[in-house]
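For reference, final_34.cif is printed below; it contains mmCIF, C-alpha atoms.
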data_coords
loop_
_atom_site.label_atom_id
_atom_site.label_comp_id
_atom_site.auth_asym_id
_atom_site.auth_seq_id
_atom_site.Cartn_x
_atom_site.Cartn_y
_atom_site.Cartn_z
CA MET A 1 22.68 -0.80 26.24
CA THR A 2 20.56 2.00 24.86
CA TRP A 3 19.97 3.29 21.37
CA GLN A 4 22.52 6.06 21.72
CA ASP A 5 25.51 3.67 21.75
CA GLY A 6 26.99 3.75 18.24
CA TRP A 7 26.61 0.49 16.32
CA TRP A 8 23.82 -0.74 18.57
CA ALA A 9 21.57 2.07 17.35
CA TYR A 10 22.09 0.94 13.75
CA ALA A 11 21.50 -2.71 14.64
CA PHE A 12 18.33 -1.66 16.46
CA ILE A 13 17.06 0.27 13.43
CA ALA A 14 17.99 -2.60 11.10
CA ILE A 15 16.16 -5.26 13.13
CA ALA A 16 13.17 -3.38 14.60
CA GLY A 17 12.83 -1.09 11.58
CA TRP A 18 14.05 -2.62 8.35
CA LEU A 19 13.36 -6.30 9.02
CA ALA A 20 9.99 -5.59 10.65
CA THR A 21 8.78 -3.75 7.54
CA ASP A 22 10.46 -5.61 4.68
CA ILE A 23 9.19 -9.02 5.86
CA TRP A 24 5.67 -7.85 4.99
CA ARG A 25 6.73 -6.45 1.63
CA TRP A 26 8.35 -9.78 0.73
CA LEU A 27 5.25 -11.71 1.81
CA GLY A 28 3.26 -9.30 -0.36
CA VAL A 29 5.38 -10.19 -3.40
CA VAL A 30 4.89 -13.91 -2.73
CA ALA A 31 1.11 -13.46 -2.36
CA GLY A 32 0.81 -11.02 -5.27
CA ASN A 33 2.69 -13.37 -7.60
CA LYS A 34 -0.12 -15.89 -7.18
CA LEU A 35 -2.94 -13.44 -7.91
CA ARG A 36 -4.43 -13.10 -11.39
CA GLU A 37 -5.17 -9.55 -12.42
CA ASP A 38 -8.86 -10.08 -13.05
CA SER A 39 -9.56 -12.38 -10.09
CA GLU A 40 -12.05 -11.89 -7.28
CA ALA A 41 -9.22 -12.62 -4.80
CA LEU A 42 -7.27 -9.60 -6.06
CA ASN A 43 -10.42 -7.50 -5.71
CA TRP A 44 -10.58 -8.53 -2.05
CA VAL A 45 -6.86 -7.78 -1.49
CA ARG A 46 -7.41 -4.38 -3.11
CA ALA A 47 -10.33 -3.68 -0.76
CA VAL A 48 -8.33 -4.68 2.35
CA ALA A 49 -5.30 -2.61 1.28
CA THR A 50 -7.48 0.45 0.62
CA ALA A 51 -9.37 0.10 3.91
CA LEU A 52 -6.05 -0.19 5.81
CA VAL A 53 -4.74 3.02 4.25
CA ALA A 54 -8.09 4.72 4.89
CA ALA A 55 -7.88 3.74 8.58
CA VAL A 56 -4.40 5.31 8.78
CA ILE A 57 -5.83 8.49 7.17
CA ALA A 58 -8.72 8.66 9.65
CA LYS A 59 -6.35 8.25 12.60
CA LEU A 60 -4.03 10.99 11.34
CA ILE A 61 -7.00 13.37 11.11
CA LEU A 62 -8.75 12.41 14.37
CA TYR A 63 -5.71 11.69 16.58
CA PRO A 64 -2.82 13.81 15.25
CA THR A 65 0.51 14.31 17.02
CA GLY A 66 2.56 17.50 17.47
CA VAL A 67 1.02 20.94 17.04
CA LEU A 68 -2.35 19.64 15.81
CA GLU A 69 -2.86 17.65 19.01
CA GLN A 70 -3.98 20.93 20.62
CA SER A 71 -6.23 21.98 17.72
CA PRO A 72 -10.00 21.43 18.01
CA LEU A 73 -11.48 18.36 16.32
CA TRP A 74 -14.15 20.41 14.51
CA LEU A 75 -11.47 22.43 12.74
CA ARG A 76 -9.69 19.34 11.38
CA VAL A 77 -12.86 17.52 10.33
CA GLY A 78 -14.36 20.76 8.99
CA SER A 79 -11.27 21.48 6.87
CA VAL A 80 -11.38 17.99 5.35
CA ALA A 81 -15.14 18.26 4.72
CA LEU A 82 -14.73 21.64 3.01
CA GLY A 83 -11.85 20.29 0.91
CA ALA A 84 -13.99 17.29 -0.09
CA ALA A 85 -16.96 19.52 -1.01
CA VAL A 86 -14.77 21.73 -3.24
CA PHE A 87 -13.13 18.62 -4.74
CA PHE A 88 -16.50 17.19 -5.83
CA LEU A 89 -17.98 20.54 -6.95
CA PHE A 90 -15.05 21.66 -9.09
CA GLY A 91 -14.02 18.89 -11.44
CA ARG A 92 -12.51 16.46 -8.92
CA LYS A 93 -8.98 17.85 -9.18
CA PRO A 94 -6.89 16.58 -6.22
CA ALA A 95 -4.77 19.76 -6.00
CA VAL A 96 -7.92 21.93 -5.62
CA GLY A 97 -9.33 19.81 -2.80
CA ILE A 98 -5.98 19.59 -1.00
CA ALA A 99 -5.30 23.34 -1.27
CA THR A 100 -8.79 24.15 0.08
CA ALA A 101 -8.45 21.83 3.07
CA ILE A 102 -4.98 23.12 3.99
CA ALA A 103 -6.01 26.78 3.54
CA ALA A 104 -9.05 26.22 5.78
CA LEU A 105 -6.86 24.62 8.44
CA ALA A 106 -4.24 27.39 8.26
CA LEU A 107 -6.93 30.10 8.56
CA GLY A 108 -8.56 28.30 11.48
CA LEU A 109 -5.25 27.85 13.33
CA TRP A 110 -4.41 31.51 12.77
CA TRP A 111 -7.86 32.62 13.95
CA LEU A 112 -7.51 30.48 17.09
CA GLY A 113 -4.20 32.17 17.85
CA PHE A 114 -1.71 29.35 17.14
CA MET B 1 12.74 -4.97 -31.69
CA ASP B 2 16.51 -5.40 -31.50
CA ARG B 3 18.42 -5.36 -28.28
CA GLU B 4 19.88 -1.85 -28.52
CA ASP B 5 16.47 -0.28 -29.05
CA ASP B 6 15.18 -2.27 -26.16
CA GLU B 7 17.86 -1.01 -23.79
CA GLN B 8 17.37 2.57 -24.89
CA SER B 9 13.68 2.36 -24.34
CA SER B 10 14.19 0.83 -20.87
CA LEU B 11 16.48 3.70 -19.96
CA ALA B 12 13.91 6.19 -21.20
CA TRP B 13 11.18 4.65 -19.04
CA PHE B 14 13.52 4.60 -16.02
CA GLY B 15 14.03 8.31 -16.67
CA LYS B 16 10.28 8.90 -16.90
CA GLY B 17 9.92 7.14 -13.54
CA MET B 18 12.62 9.41 -12.11
CA CYS B 19 10.68 12.45 -13.31
CA GLY B 20 7.89 11.33 -10.99
CA ILE B 21 9.90 13.14 -8.32
CA PHE B 22 8.47 16.36 -9.77
CA SER B 23 4.89 15.36 -9.02
CA LEU B 24 2.39 16.49 -6.43
CA PRO B 25 2.63 13.24 -4.39
CA ALA B 26 6.45 13.36 -4.26
CA PHE B 27 6.33 17.02 -3.26
CA ILE B 28 3.85 16.33 -0.46
CA LEU B 29 5.88 13.37 0.78
CA MET B 30 8.97 15.58 0.96
CA LEU B 31 7.03 18.11 3.02
CA SER B 32 6.00 15.24 5.31
CA PHE B 33 9.67 14.30 5.66
CA VAL B 34 10.40 17.87 6.73
CA GLY B 35 7.84 17.25 9.47
CA PHE B 36 9.55 13.96 10.34
CA CYS B 37 12.89 15.79 10.62
CA SER B 38 11.45 18.14 13.20
CA LEU B 39 10.09 15.15 15.15
CA THR B 40 13.47 13.35 15.22
CA ALA B 41 15.41 16.54 15.93
CA GLN B 42 13.17 17.19 18.94
CA ALA B 43 13.67 13.57 20.04
CA GLY B 44 17.45 14.04 19.91
CA ILE B 45 18.16 11.24 17.42
CA PRO B 46 21.45 11.90 15.56
CA VAL B 47 21.06 12.90 11.91
CA GLN B 48 23.11 9.92 10.62
CA GLN B 49 20.65 7.53 12.23
CA VAL B 50 17.68 9.42 10.78
CA VAL B 51 19.15 9.17 7.26
CA PHE B 52 19.89 5.46 7.81
CA MET B 53 16.32 4.93 9.00
CA THR B 54 14.88 6.74 5.99
CA GLY B 55 16.70 4.42 3.58
CA MET B 56 16.17 1.19 5.51
CA VAL B 57 12.60 1.47 6.78
CA TRP B 58 11.17 3.95 4.27
CA ALA B 59 7.50 3.73 5.32
CA LEU B 60 6.81 6.91 7.29
CA PRO B 61 4.25 5.55 9.80
CA ALA B 62 6.63 2.67 10.65
CA LYS B 63 9.44 5.17 11.26
CA VAL B 64 7.27 7.31 13.52
CA ILE B 65 6.50 4.22 15.60
CA LEU B 66 10.18 3.18 15.62
CA VAL B 67 11.21 6.63 16.84
CA SER B 68 8.61 6.64 19.59
CA SER B 69 9.79 3.16 20.70
CA MET B 70 13.40 4.38 20.77
CA MET B 71 12.40 7.45 22.79
CA SER B 72 10.41 5.47 25.35
CA GLY B 73 13.37 3.11 25.80
CA ALA B 74 11.45 0.06 24.57
CA GLY B 75 13.38 -3.20 24.15
CA LEU B 76 14.27 -4.63 20.76
CA ALA B 77 11.48 -7.23 20.84
CA ALA B 78 8.78 -4.72 21.80
CA ALA B 79 9.92 -2.26 19.12
CA PHE B 80 10.04 -5.03 16.52
CA LEU B 81 6.49 -6.10 17.40
CA ALA B 82 5.10 -2.54 17.30
CA VAL B 83 6.72 -1.77 13.95
CA SER B 84 5.67 -5.16 12.51
CA LEU B 85 2.04 -4.61 13.47
CA SER B 86 2.04 -1.18 11.84
CA SER B 87 3.57 -2.64 8.67
CA VAL B 88 1.29 -5.60 8.04
CA ARG B 89 -0.66 -3.29 5.72
CA LEU B 90 2.35 -3.29 3.36
CA MET B 91 1.57 -6.91 2.49
CA PRO B 92 -1.82 -6.40 0.80
CA MET B 93 -0.54 -3.15 -0.74
CA VAL B 94 2.39 -4.95 -2.38
CA ALA B 95 0.17 -7.90 -3.27
CA ALA B 96 -2.24 -5.56 -5.08
CA LEU B 97 0.59 -3.79 -6.92
CA VAL B 98 2.59 -6.85 -8.07
CA PRO B 99 -0.01 -8.11 -10.61
CA GLU B 100 0.00 -4.60 -12.17
CA LEU B 101 3.79 -4.46 -12.43
CA ARG B 102 4.99 -7.86 -13.55
CA THR B 103 4.99 -9.67 -16.85
CA SER B 104 5.17 -13.46 -17.07
CA ARG B 105 8.98 -13.12 -17.33
CA THR B 106 9.66 -10.74 -14.43
CA PRO B 107 12.05 -12.51 -12.02
CA THR B 108 10.83 -12.78 -8.42
CA TRP B 109 14.13 -11.50 -6.94
CA LEU B 110 13.61 -8.23 -8.81
CA LEU B 111 10.11 -7.83 -7.38
CA LEU B 112 11.46 -8.64 -3.90
CA PHE B 113 14.08 -5.90 -4.30
CA LEU B 114 11.63 -3.34 -5.68
CA SER B 115 9.05 -4.08 -2.98
CA HIS B 116 11.34 -2.23 -0.56
CA PHE B 117 10.38 1.04 -2.26
CA VAL B 118 6.67 0.54 -1.60
CA ALA B 119 5.12 2.79 1.04
CA ILE B 120 1.83 4.67 0.90
CA THR B 121 2.99 7.48 -1.43
CA ALA B 122 4.83 5.24 -3.89
CA TRP B 123 1.87 2.85 -3.84
CA VAL B 124 -0.70 5.55 -4.56
CA PHE B 125 1.53 7.02 -7.29
CA ALA B 126 2.17 3.60 -8.86
CA MET B 127 -1.47 2.47 -8.79
CA GLU B 128 -2.37 5.74 -10.55
CA ASN B 129 0.42 5.91 -13.13
CA VAL B 130 1.59 2.37 -13.87
CA PRO B 131 -1.49 1.44 -15.95
CA LYS B 132 -0.53 4.19 -18.43
CA VAL B 133 2.88 2.54 -19.00
CA PRO B 134 3.33 -0.34 -21.48
CA ARG B 135 3.36 -3.54 -19.43
CA GLU B 136 6.92 -4.62 -20.29
CA ARG B 137 8.23 -1.21 -19.08
CA ARG B 138 6.31 -0.99 -15.81
CA VAL B 139 9.00 -2.56 -13.60
CA VAL B 140 11.65 -0.18 -14.95
CA PHE B 141 9.32 2.80 -14.57
CA PHE B 142 8.54 1.92 -10.95
CA ALA B 143 12.23 1.31 -10.20
CA GLY B 144 13.10 4.77 -11.54
CA PHE B 145 10.43 6.40 -9.42
CA GLY B 146 10.94 4.39 -6.21
CA ILE B 147 14.75 4.57 -6.08
CA THR B 148 14.81 8.29 -6.87
CA LEU B 149 12.16 9.05 -4.26
CA VAL B 150 14.05 7.23 -1.48
CA ALA B 151 17.42 8.75 -2.44
CA ALA B 152 15.97 12.27 -2.68
CA ASN B 153 14.36 12.00 0.75
CA MET B 154 17.59 10.68 2.33
CA ILE B 155 19.41 13.77 1.02
CA LEU B 156 16.53 16.01 2.09
CA VAL B 157 16.64 14.60 5.64
CA ALA B 158 20.42 15.05 5.85
CA VAL B 159 20.12 18.72 4.84
CA VAL B 160 16.85 19.84 6.43
CA TYR B 161 17.49 18.22 9.83
CA HIS B 162 19.72 21.15 10.78
CA PHE B 163 17.14 23.81 9.99
CA VAL B 164 13.86 22.55 11.43
CA ALA B 165 14.42 23.34 15.10
CA ASP B 166 12.05 26.30 15.25
CA PHE B 167 9.25 26.13 12.70
CA PRO B 168 6.19 28.36 13.21
CA PRO B 169 3.38 26.19 14.65
CA ILE B 170 0.91 26.92 11.84
CA ALA B 171 3.44 25.70 9.25
CA ALA B 172 4.19 22.57 11.29
CA GLY B 173 0.46 21.83 11.65
CA CYS B 174 -0.21 22.27 7.93
CA LEU B 175 2.78 20.05 7.02
CA PHE B 176 1.36 17.29 9.19
CA PHE B 177 -2.14 17.71 7.75
CA LEU B 178 -1.00 17.51 4.11
CA THR B 179 -0.37 13.77 4.31
CA PRO B 180 -3.87 12.52 5.19
CA VAL B 181 -5.59 15.07 2.95
CA TYR B 182 -3.39 14.17 0.00
CA PHE B 183 -3.92 10.42 0.50
CA LEU B 184 -7.70 10.91 0.55
CA ALA B 185 -7.88 13.02 -2.62
CA SER B 186 -5.43 10.88 -4.50
CA ILE B 187 -6.99 7.50 -3.68
CA TRP B 188 -10.44 8.74 -4.70
CA HIS B 189 -9.05 10.32 -7.86
CA SER B 190 -7.00 7.30 -8.96
CA ALA B 191 -9.54 4.54 -8.18
CA ARG B 192 -10.15 2.38 -11.23
CA HIS B 193 -12.21 -0.28 -9.48
CA PRO B 194 -15.56 0.50 -7.81
CA VAL B 195 -14.57 -1.55 -4.75
CA VAL B 196 -11.93 1.10 -3.90
CA TYR B 197 -14.56 3.80 -3.18
CA VAL B 198 -16.50 1.50 -0.86
CA ALA B 199 -13.32 0.30 0.89
CA LEU B 200 -12.16 3.89 1.40
CA LEU B 201 -15.41 4.81 3.17
CA PHE B 202 -15.46 1.62 5.28
CA GLY B 203 -11.81 2.13 6.29
CA LEU B 204 -12.42 5.76 7.29
CA VAL B 205 -15.22 4.67 9.61
CA GLY B 206 -13.48 1.46 10.70
CA GLY B 207 -10.23 3.18 11.78
CA PRO B 208 -11.72 5.23 14.64
CA LEU B 209 -14.27 2.52 15.46
CA PHE B 210 -11.61 -0.14 16.08
CA TYR B 211 -9.34 2.41 17.77
CA TRP B 212 -12.14 2.79 20.28
CA LEU B 213 -12.79 -0.98 20.58
CA LEU B 214 -9.29 -2.53 20.35
CA PRO B 215 -6.60 0.17 20.07
CA GLU B 216 -3.65 -2.25 19.71
CA PHE B 217 -4.97 -3.78 16.50
CA ASP B 218 -7.10 -0.95 15.14
CA ILE B 219 -5.50 -0.48 11.72
CA LEU B 220 -5.29 -4.21 11.04
CA LEU B 221 -8.89 -4.88 12.03
CA ALA B 222 -10.21 -1.85 10.18
CA GLY B 223 -8.43 -3.13 7.06
CA LEU B 224 -9.50 -6.75 7.34
CA VAL B 225 -13.07 -6.25 8.57
CA GLY B 226 -13.75 -2.99 6.70
CA GLY B 227 -12.10 -4.23 3.52
CA THR B 228 -13.90 -7.58 3.55
CA LEU B 229 -17.27 -5.90 4.16
CA ALA B 230 -16.56 -3.41 1.36
CA TRP B 231 -15.63 -6.23 -1.01
CA PHE B 232 -18.80 -8.14 -0.04
CA VAL B 233 -21.10 -5.13 -0.47
CA GLU B 234 -19.60 -4.15 -3.83
CA ARG B 235 -19.84 -7.74 -5.08
CA LEU B 236 -23.49 -7.89 -4.05
CA TRP B 237 -24.23 -4.68 -5.98
CA ARG B 238 -22.32 -5.94 -9.01
CA HIS B 239 -24.24 -9.22 -9.08
CA ARG B 240 -27.58 -7.49 -8.60
CA LYS B 241 -26.79 -5.18 -11.52
CA GLU B 242 -25.82 -8.14 -13.69
CA VAL B 243 -29.07 -9.93 -12.84
CA GLY B 244 -31.12 -6.76 -13.39
CA ALA B 245 -29.53 -5.97 -16.76
#
In structure tokens, what does this structure look like?
Amino acid sequence: MTWQDGWWAYAFIAIAGWLATDIWRWLGVVAGNKLREDSEALNWVRAVATALVAAVIAKLILYPTGVLEQSPLWLRVGSVALGAAVFFLFGRKPAVGIATAIAALALGLWWLGF
Amino acid sequence: MDREDDEQSSLAWFGKGMCGIFSLPAFILMLSFVGFCSLTAQAGIPVQQVVFMTGMVWALPAKVILVSSMMSGAGLAAAFLAVSLSSVRLMPMVAALVPELRTSRTPTWLLLFLSHFVAITAWVFAMENVPKVPRERRVVFFAGFGITLVAANMILVAVVYHFVADFPPIAAGCLFFLTPVYFLASIWHSARHPVVYVALLFGLVGGPLFYWLLPEFDILLAGLVGGTLAWFVERLWRHRKEVGA
């Protein structure tokens, strides 16, 4: 059977998708219920959660899929660096940093003939 | 406070959570879902299944991995394992959020239900906004935001799926790039604990480093090793400052 066959596709998504993600959310509730808000343990959990998300961010920038797969690395890293520089120079407003990075990427892609 | 007032106020906070749909993070997530639509449309997955997936799995990276498993014809066990590994990060994220949300009387079943709505965007939004909400209203506020965000994206997927076939490449590239750039800016902006800055830097370096060393477990290792190091370094600084002061 393959994923195209009607109900099997939904069962596949439910088991390999829903169950595989929600198990971790439920374990997170169980663990989080035991943590005190001012504890050193929560500080560690916070650090691990942030580092995990940061690793996902780095991978999306360095190893993108789709159109950006063909774009040069320097353009992606350069756009983020420029966005970060503007973010820190002009009042640390997220929207300003994001707009700068995206505009730099769009200009670069256009200039490279995408 | 009498009961009627209490209910009214709960409803008002649920509504305020719902209004979170008109925020920068929600807007960016919706753009990312437009990108996801074009991925699934190209993969030939029927729109009903994509909508079902959006509601049931919710986390976007997990869905991308699920779709690529489906496309490569992977078996159920292999797909389950791949998606599980990508979703372990949800555990510390939920664990860090729960102490912010609950009061001593919040029932666990309610937290278990609401945890389904946690993914990176909802987490970043909640960590930033929940502290501004009175503690006894935080669960309602998060429920309003989380449920609305999932429902809105299911509708979005159902509608947009039919229109994404031929997007100009520059637009597609920028849509993809919005997600990491937004996460970066927003985590830095919303950090209320010094350890978050250190962990962000360590994770950014750790991600590619472990991808190079052990690609199957890169995200997990970057989180555990990078996060633990960040926690250790920040603690050392904190103690030194306390001794010096």
Q. Looking at only C-alpha atoms, which of B:Leu101, B:Val150, B:Leu213, B:Val164 is the one that sits closest to chain A?
A.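 Checking each candidate against chain A, we get B:Leu101 as the closest.
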Neighbouring residues of Glu136 (chain B) were defined as those with any atom within 12 Å, considering only C-alpha atoms; residues of the same chain fewer than 3 positions away were excluded. Please report them as a short mmCIF file (atom, residue, chain, number, x, y, z; two decimals) with C-alpha atoms, keeping the file's coordinate frame.
data_model
loop_
_atom_site.label_atom_id
_atom_site.label_comp_id
_atom_site.auth_asym_id
_atom_site.auth_seq_id
_atom_site.Cartn_x
_atom_site.Cartn_y
_atom_site.Cartn_z
CA ASP B 6 15.18 -2.27 -26.16
CA SER B 9 13.68 2.36 -24.34
CA SER B 10 14.19 0.83 -20.87
CA TRP B 13 11.18 4.65 -19.04
CA GLU B 100 0.00 -4.60 -12.17
CA LEU B 101 3.79 -4.46 -12.43
CA ARG B 102 4.99 -7.86 -13.55
CA THR B 103 4.99 -9.67 -16.85
CA SER B 104 5.17 -13.46 -17.07
CA ARG B 105 8.98 -13.12 -17.33
CA THR B 106 9.66 -10.74 -14.43
CA VAL B 130 1.59 2.37 -13.87
CA PRO B 131 -1.49 1.44 -15.95
CA LYS B 132 -0.53 4.19 -18.43
CA VAL B 133 2.88 2.54 -19.00
CA VAL B 139 9.00 -2.56 -13.60
CA VAL B 140 11.65 -0.18 -14.95
CA PHE B 141 9.32 2.80 -14.57
CA PHE B 142 8.54 1.92 -10.95
#
Please enumerate the residues selected by the PyMOL selection byres ((chain B) within 7 of (chain A)) when evaluated against the supplied file, formatted as an mmCIF file with C-alpha atoms, in the coordinates of the input.
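Result file result.cif:
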data_model
loop_
_atom_site.group_PDB
_atom_site.id
_atom_site.type_symbol
_atom_site.label_atom_id
_atom_site.label_comp_id
_atom_site.auth_asym_id
_atom_site.auth_seq_id
_atom_site.Cartn_x
_atom_site.Cartn_y
_atom_site.Cartn_z
ATOM 1 C CA GLN B 49 20.650 7.530 12.230
ATOM 2 C CA MET B 53 16.320 4.930 9.000
ATOM 3 C CA MET B 56 16.170 1.190 5.510
ATOM 4 C CA VAL B 57 12.600 1.470 6.780
ATOM 5 C CA LEU B 66 10.180 3.180 15.620
ATOM 6 C CA MET B 70 13.400 4.380 20.770
ATOM 7 C CA LEU B 76 14.270 -4.630 20.760
ATOM 8 C CA ALA B 79 9.920 -2.260 19.120
ATOM 9 C CA PHE B 80 10.040 -5.030 16.520
ATOM 10 C CA VAL B 83 6.720 -1.770 13.950
ATOM 11 C CA SER B 84 5.670 -5.160 12.510
ATOM 12 C CA SER B 87 3.570 -2.640 8.670
ATOM 13 C CA VAL B 88 1.290 -5.600 8.040
ATOM 14 C CA ARG B 89 -0.660 -3.290 5.720
ATOM 15 C CA LEU B 90 2.350 -3.290 3.360
ATOM 16 C CA MET B 91 1.570 -6.910 2.490
ATOM 17 C CA PRO B 92 -1.820 -6.400 0.800
ATOM 18 C CA MET B 93 -0.540 -3.150 -0.740
ATOM 19 C CA VAL B 94 2.390 -4.950 -2.380
ATOM 20 C CA ALA B 95 0.170 -7.900 -3.270
ATOM 21 C CA ALA B 96 -2.240 -5.560 -5.080
ATOM 22 C CA VAL B 98 2.590 -6.850 -8.070
ATOM 23 C CA PRO B 99 -0.010 -8.110 -10.610
ATOM 24 C CA LEU B 111 10.110 -7.830 -7.380
ATOM 25 C CA LEU B 112 11.460 -8.640 -3.900
ATOM 26 C CA SER B 115 9.050 -4.080 -2.980
ATOM 27 C CA HIS B 116 11.340 -2.230 -0.560
ATOM 28 C CA PRO B 169 3.380 26.190 14.650
ATOM 29 C CA ILE B 170 0.910 26.920 11.840
ATOM 30 C CA ALA B 172 4.190 22.570 11.290
ATOM 31 C CA GLY B 173 0.460 21.830 11.650
ATOM 32 C CA CYS B 174 -0.210 22.270 7.930
ATOM 33 C CA LEU B 178 -1.000 17.510 4.110
ATOM 34 C CA PRO B 180 -3.870 12.520 5.190
ATOM 35 C CA VAL B 181 -5.590 15.070 2.950
ATOM 36 C CA TYR B 182 -3.390 14.170 0.000
ATOM 37 C CA ALA B 185 -7.880 13.020 -2.620
ATOM 38 C CA SER B 186 -5.430 10.880 -4.500
ATOM 39 C CA HIS B 189 -9.050 10.320 -7.860
ATOM 40 C CA VAL B 195 -14.570 -1.550 -4.750
ATOM 41 C CA VAL B 196 -11.930 1.100 -3.900
ATOM 42 C CA ALA B 199 -13.320 0.300 0.890
ATOM 43 C CA LEU B 200 -12.160 3.890 1.400
ATOM 44 C CA PHE B 202 -15.460 1.620 5.280
ATOM 45 C CA GLY B 203 -11.810 2.130 6.290
ATOM 46 C CA LEU B 204 -12.420 5.760 7.290
ATOM 47 C CA GLY B 206 -13.480 1.460 10.700
ATOM 48 C CA GLY B 207 -10.230 3.180 11.780
ATOM 49 C CA PRO B 208 -11.720 5.230 14.640
ATOM 50 C CA ILE B 219 -5.500 -0.480 11.720
ATOM 51 C CA LEU B 220 -5.290 -4.210 11.040
ATOM 52 C CA ALA B 222 -10.210 -1.850 10.180
ATOM 53 C CA GLY B 223 -8.430 -3.130 7.060
ATOM 54 C CA LEU B 224 -9.500 -6.750 7.340
ATOM 55 C CA GLY B 226 -13.750 -2.990 6.700
ATOM 56 C CA GLY B 227 -12.100 -4.230 3.520
ATOM 57 C CA THR B 228 -13.900 -7.580 3.550
ATOM 58 C CA ALA B 230 -16.560 -3.410 1.360
ATOM 59 C CA TRP B 231 -15.630 -6.230 -1.010
#
- In Å to one decimal, how far is CA of Pro25 (chain B) from CA of Thr121 (chain B)?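 So the two atoms, CA of Thr121 (chain B) and CA of Pro25 (chain B), lie 6.5 Å apart.
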Just how far from CA of Gly55 (chain B) is CA of Leu31 (chain B), in Å to one decimal?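 Atom-to-atom, CA of Leu31 (chain B) to CA of Gly55 (chain B), that is 16.8 Å.
With CA of Val51 (chain B) on one side and CA of Asp218 (chain B) on the other, the separation reads 29.2 Å.
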Centre and size of axis-aligned box enclosing region 60-77 of chain B plus 6 Å each side, as JSON:
{"center_x": 9.3, "center_y": 0.1, "center_z": 16.5, "size_x": 22.0, "size_y": 26.7, "size_z": 30.5}
Shell of 12 Å around Gly15 (chain B), all atoms listed in the file, local chain residues under 2 positions omitted, as a list in words =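 Close residues of Gly15 (chain B): Gln8, Ser9, Ser10, Leu11, Ala12, Trp13, Gly17, Met18, Cys19, Gly20, Ile21, Phe22, Arg137, Val140, Phe141, Phe142, Ala143, Gly144, Phe145, Gly146, Ile147 and Thr148 of chain B.
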Using only C-alpha atoms, the residue out of B:Leu24, B:Leu236, B:Met127, B:Val34 with shortest distance to Trp188 (chain B) is B:Met127
Using only C-alpha atoms, the best pick from A:Val86, A:Pro72, A:Gly91, A:Ser39 as closest to Leu112 (chain A) would be A:Pro72
